[in-house]
file entry_19.cif (mmCIF, C-alpha atoms)
data_my_file
#
loop_
_atom_site.group_PDB
_atom_site.id
_atom_site.type_symbol
_atom_site.label_atom_id
_atom_site.label_comp_id
_atom_site.auth_asym_id
_atom_site.auth_seq_id
_atom_site.Cartn_x
_atom_site.Cartn_y
_atom_site.Cartn_z
ATOM 1 C CA MET A 19 103.900 -22.509 287.715
ATOM 2 C CA ALA A 20 104.766 -18.950 288.753
ATOM 3 C CA THR A 21 107.649 -17.194 287.088
ATOM 4 C CA GLY A 22 110.344 -15.380 289.019
ATOM 5 C CA LYS A 23 108.661 -12.079 288.267
ATOM 6 C CA GLN A 24 105.266 -13.390 289.355
ATOM 7 C CA GLU A 25 106.764 -14.662 292.603
ATOM 8 C CA GLN A 26 108.323 -11.256 293.277
ATOM 9 C CA LEU A 27 105.043 -9.457 292.563
ATOM 10 C CA GLU A 28 103.176 -11.818 294.896
ATOM 11 C CA LEU A 29 105.795 -11.232 297.590
ATOM 12 C CA ILE A 30 105.580 -7.445 297.161
ATOM 13 C CA ARG A 31 101.798 -7.556 297.552
ATOM 14 C CA SER A 32 101.972 -9.942 300.509
ATOM 15 C CA VAL A 33 104.481 -7.831 302.457
ATOM 16 C CA LYS A 34 102.484 -4.663 301.733
ATOM 17 C CA ASN A 35 99.265 -6.259 302.977
ATOM 18 C CA ASP A 36 100.999 -7.611 306.083
ATOM 19 C CA LEU A 37 102.570 -4.241 306.876
ATOM 20 C CA LEU A 38 99.261 -2.403 306.519
ATOM 21 C CA ALA A 39 97.466 -5.072 308.556
ATOM 22 C CA VAL A 40 99.913 -5.003 311.454
ATOM 23 C CA LEU A 41 99.335 -1.253 311.833
ATOM 24 C CA VAL A 42 95.541 -1.534 312.101
ATOM 25 C CA GLY A 43 94.502 -0.146 315.471
ATOM 26 C CA MET A 44 97.935 1.326 316.190
ATOM 27 C CA ASP A 45 97.039 4.900 315.200
ATOM 28 C CA TYR A 46 97.117 6.086 318.820
ATOM 29 C CA CYS A 47 100.426 4.409 319.651
ATOM 30 C CA LEU A 48 102.722 4.816 316.641
ATOM 31 C CA ASP A 49 105.411 6.278 318.888
ATOM 32 C CA TRP A 50 105.052 3.928 321.852
ATOM 33 C CA LYS A 51 108.123 1.938 322.871
ATOM 34 C CA GLN A 52 108.155 -0.962 325.288
ATOM 35 C CA ASP A 53 111.713 0.029 326.164
ATOM 36 C CA PRO A 54 113.559 3.290 325.387
ATOM 37 C CA SER A 55 116.269 1.324 323.544
ATOM 38 C CA GLU A 56 113.737 -0.185 321.110
ATOM 39 C CA TRP A 57 112.079 1.380 318.092
ATOM 40 C CA SER A 58 108.487 2.528 317.850
ATOM 41 C CA ALA A 59 106.109 1.339 315.118
ATOM 42 C CA ARG A 60 106.640 4.620 313.262
ATOM 43 C CA GLU A 61 110.430 4.235 313.393
ATOM 44 C CA LEU A 62 110.233 0.637 312.174
ATOM 45 C CA VAL A 63 107.993 1.600 309.261
ATOM 46 C CA TYR A 64 110.214 4.413 308.048
ATOM 47 C CA HIS A 65 113.330 2.328 308.606
ATOM 48 C CA VAL A 66 112.080 -0.347 306.205
ATOM 49 C CA LEU A 67 110.610 2.113 303.702
ATOM 50 C CA ASP A 68 113.762 4.228 303.477
ATOM 51 C CA THR A 69 116.575 1.666 303.708
ATOM 52 C CA PRO A 70 118.670 1.920 301.656
ATOM 53 C CA SER A 71 118.566 5.701 301.550
ATOM 54 C CA GLY A 72 115.737 6.763 299.270
ATOM 55 C CA GLY A 73 114.043 3.383 299.617
ATOM 56 C CA ALA A 74 114.353 0.038 297.884
ATOM 57 C CA HIS A 75 111.623 1.047 295.450
ATOM 58 C CA ASN A 76 113.796 3.867 294.076
ATOM 59 C CA LEU A 77 116.885 1.651 294.123
ATOM 60 C CA VAL A 78 115.115 -1.046 292.087
ATOM 61 C CA SER A 79 113.777 1.515 289.625
ATOM 62 C CA GLY A 80 117.269 2.972 289.190
ATOM 63 C CA ILE A 81 118.804 -0.459 288.628
ATOM 64 C CA ILE A 82 116.202 -1.349 286.015
ATOM 65 C CA ALA A 83 116.782 1.965 284.220
ATOM 66 C CA GLY A 84 120.555 1.368 284.278
ATOM 67 C CA GLU A 85 121.110 4.501 286.388
ATOM 68 C CA VAL A 86 122.392 2.718 289.512
ATOM 69 C CA LYS A 87 125.558 0.609 289.475
ATOM 70 C CA GLU A 88 126.217 0.583 293.207
ATOM 71 C CA TYR A 89 124.510 1.606 296.419
ATOM 72 C CA GLU A 90 125.117 1.949 300.143
ATOM 73 C CA ILE A 91 123.282 0.585 303.149
ATOM 74 C CA TRP A 92 123.686 2.114 306.579
ATOM 75 C CA SER A 93 122.016 -0.101 309.183
ATOM 76 C CA ASP A 94 120.272 0.893 312.362
ATOM 77 C CA ARG A 95 118.822 4.210 311.168
ATOM 78 C CA THR A 96 115.200 5.074 311.857
ATOM 79 C CA ASN A 97 115.097 7.483 308.902
ATOM 80 C CA MET A 98 112.834 9.778 310.897
ATOM 81 C CA THR A 99 112.376 13.370 309.801
ATOM 82 C CA PRO A 100 110.563 16.171 311.623
ATOM 83 C CA GLU A 101 107.708 15.791 309.139
ATOM 84 C CA ARG A 102 107.380 12.062 309.654
ATOM 85 C CA THR A 103 107.120 12.477 313.423
ATOM 86 C CA GLU A 104 103.918 14.448 312.869
ATOM 87 C CA TYR A 105 102.217 12.057 310.426
ATOM 88 C CA GLY A 106 99.018 10.344 311.451
ATOM 89 C CA ILE A 107 98.212 6.770 310.501
ATOM 90 C CA ASP A 108 96.583 7.859 307.228
ATOM 91 C CA GLN A 109 99.821 9.430 305.973
ATOM 92 C CA VAL A 110 101.913 6.498 307.226
ATOM 93 C CA ASN A 111 99.607 4.135 305.328
ATOM 94 C CA ALA A 112 99.777 6.376 302.248
ATOM 95 C CA ASP A 113 103.589 6.232 302.366
ATOM 96 C CA ILE A 114 103.433 2.430 302.576
ATOM 97 C CA GLU A 115 101.015 2.293 299.639
ATOM 98 C CA SER A 116 103.215 4.630 297.587
ATOM 99 C CA PHE A 117 106.361 2.584 298.279
ATOM 100 C CA PHE A 118 104.785 -0.723 297.270
ATOM 101 C CA THR A 119 102.911 0.723 294.288
ATOM 102 C CA SER A 120 106.220 2.052 292.941
ATOM 103 C CA LEU A 121 108.025 -1.232 293.594
ATOM 104 C CA ASP A 122 105.229 -3.249 292.003
ATOM 105 C CA ALA A 123 105.222 -1.008 288.912
ATOM 106 C CA SER A 124 108.982 -1.386 288.502
ATOM 107 C CA ILE A 125 108.911 -5.168 288.736
ATOM 108 C CA THR A 126 105.898 -5.453 286.436
ATOM 109 C CA GLY A 127 108.088 -4.075 283.642
ATOM 110 C CA VAL A 128 111.017 -6.495 283.972
ATOM 111 C CA SER A 129 111.619 -9.962 282.611
ATOM 112 C CA ASP A 130 112.601 -13.017 284.597
ATOM 113 C CA GLY A 131 116.018 -12.673 282.990
ATOM 114 C CA ASP A 132 116.383 -9.114 284.272
ATOM 115 C CA LEU A 133 115.889 -10.359 287.824
ATOM 116 C CA GLU A 134 118.934 -12.614 287.476
ATOM 117 C CA GLU A 135 121.061 -10.563 285.091
ATOM 118 C CA LYS A 136 120.820 -7.011 286.434
ATOM 119 C CA LYS A 137 123.521 -6.699 289.073
ATOM 120 C CA VAL A 138 124.913 -3.895 291.191
ATOM 121 C CA MET A 139 127.527 -3.524 293.898
ATOM 122 C CA MET A 140 126.163 -3.171 297.430
ATOM 123 C CA HIS A 141 128.248 -1.481 300.130
ATOM 124 C CA GLN A 142 126.966 -2.279 303.613
ATOM 125 C CA ARG A 143 128.843 0.495 305.378
ATOM 126 C CA THR A 144 127.861 -0.320 308.955
ATOM 127 C CA ARG A 145 129.214 -3.854 308.656
ATOM 128 C CA SER A 146 131.992 -3.212 306.100
ATOM 129 C CA VAL A 147 130.568 -5.629 303.522
ATOM 130 C CA ASP A 148 130.834 -5.134 299.764
ATOM 131 C CA GLU A 149 129.153 -7.617 297.432
ATOM 132 C CA GLU A 150 127.542 -7.841 294.044
ATOM 133 C CA ARG A 151 123.789 -8.435 294.184
ATOM 134 C CA THR A 152 121.263 -9.320 291.527
ATOM 135 C CA LEU A 153 117.925 -7.583 291.374
ATOM 136 C CA LYS A 154 116.361 -10.843 292.589
ATOM 137 C CA ALA A 155 118.714 -10.984 295.582
ATOM 138 C CA ILE A 156 117.958 -7.359 296.479
ATOM 139 C CA LEU A 157 114.220 -8.038 296.384
ATOM 140 C CA HIS A 158 114.590 -11.238 298.397
ATOM 141 C CA ARG A 159 116.766 -9.654 301.078
ATOM 142 C CA THR A 160 114.522 -6.590 301.257
ATOM 143 C CA LEU A 161 111.132 -8.314 301.310
ATOM 144 C CA SER A 162 111.722 -11.774 302.773
ATOM 145 C CA GLY A 163 114.559 -10.736 305.057
ATOM 146 C CA HIS A 164 114.629 -7.130 306.186
ATOM 147 C CA MET A 165 110.934 -6.290 305.989
ATOM 148 C CA ARG A 166 109.689 -9.631 307.331
ATOM 149 C CA ASP A 167 112.103 -9.359 310.281
ATOM 150 C CA HIS A 168 110.755 -5.924 311.171
ATOM 151 C CA LEU A 169 107.166 -7.081 310.634
ATOM 152 C CA ALA A 170 107.845 -9.573 313.420
ATOM 153 C CA GLN A 171 108.965 -6.683 315.642
ATOM 154 C CA LEU A 172 105.785 -4.780 314.810
ATOM 155 C CA GLN A 173 103.740 -7.842 315.741
ATOM 156 C CA LEU A 174 105.534 -7.992 319.105
ATOM 157 C CA LEU A 175 104.633 -4.331 319.674
ATOM 158 C CA ARG A 176 100.984 -5.148 318.938
ATOM 159 C CA GLU A 177 101.096 -8.003 321.429
ATOM 160 C CA ALA A 178 102.725 -5.842 324.108
ATOM 161 C CA LEU A 179 99.923 -3.302 323.609
ATOM 162 C CA ALA A 180 97.291 -6.079 323.624
ATOM 163 C CA ILE A 181 95.968 -4.992 320.231
#
call {"tool": "encode", "arguments": {"input": "entry_19.cif", "output": "structure tokens"}}
result
Amino acid sequence: MATGKQEQLELIRSVKNDLLAVLVGMDYCLDWKQDPSEWSARELVYHVLDTPSGGAHNLVSGIIAGEVKEYEIWSDRTNMTPERTEYGIDQVNADIESFFTSLDASITGVSDGDLEEKKVMMHQRTRSVDEERTLKAILHRTLSGHMRDHLAQLQLLREALAI
């Protein structure tokens, strides 16, 4: 039977593989939008990699180290920078790899108890929500919720492009 940590590591690796896979063949259309009000593949990728600000991988590392006691989430930001708008698929993939490698390394060093016992205060500023979250809850909401939801959007982009 898998431990809590093992389950988290499997989830991290699964989401990473799914994110990389959904981008295969999209190198020429990272900025394409089916509708001007929707986000491009590039915007979706950097939204999930850099929400909360600095990325969940850095948040998790800070929580484990005892350096982070609370954090903020601002929804609906693409987190695009002038540099990111110029990146080709190789750099986008490298950023994905770096994010998940860092997250995996952080979780590898924790115990199952740490996942349940390490808690911080989350401030969701866009929706005016403040709540205490465990490391496990942060990982679950990030990987199974936020990232999986946006993976579905990326899949819809692929389908609209007939990739």
call {"tool": "closest_atom_pairs", "arguments": {"input": "entry_19.cif", "of": "range 24-79 of chain A", "to": "range 89-109 of chain A", "cutoff": "6 Å", "atoms": "all atoms listed in the file", "output": "JSON lines"}}
result
{"residue": "A:Asp45", "atom": "CA", "partner": "A:Ile107", "partner_atom": "CA", "distance": 5.2}
{"residue": "A:Glu61", "atom": "CA", "partner": "A:Thr96", "partner_atom": "CA", "distance": 5.1}
{"residue": "A:Tyr64", "atom": "CA", "partner": "A:Asn97", "partner_atom": "CA", "distance": 5.8}
{"residue": "A:His65", "atom": "CA", "partner": "A:Thr96", "partner_atom": "CA", "distance": 4.6}
{"residue": "A:Pro70", "atom": "CA", "partner": "A:Ile91", "partner_atom": "CA", "distance": 5.0}
call {"tool": "closest_residue", "arguments": {"input": "entry_19.cif", "among": "A:Ile181, A:Ala59, A:Val78, A:Leu172", "to": "Leu133 in chain A", "atoms": "all atoms listed in the file"}}
result
A:Val78
call {"tool": "atom_distance", "arguments": {"input": "entry_19.cif", "atom1": "CA of Ala170 in chain A", "atom2": "CA of Met139 in chain A"}}
result
28.4 Å
call {"tool": "atom_distance", "arguments": {"input": "entry_19.cif", "atom1": "CA of His164 in chain A", "atom2": "CA of Leu38 in chain A"}}
result
16.1 Å
call {"tool": "resolve_selection", "arguments": {"input": "entry_19.cif", "expression": "the PyMOL selection byres ((chain A and resi 171) around 12)", "output": "list of chain:residue names"}}
result
A:Leu37, A:Val40, A:Leu41, A:Lys51, A:Gln52, A:Glu56, A:Trp57, A:Ser58, A:Ala59, A:Arg60, A:Glu61, A:Leu62, A:Val63, A:Val66, A:His164, A:Met165, A:Arg166, A:Asp167, A:His168, A:Leu169, A:Ala170, A:Leu172, A:Gln173, A:Leu174, A:Leu175, A:Arg176, A:Glu177, A:Ala178
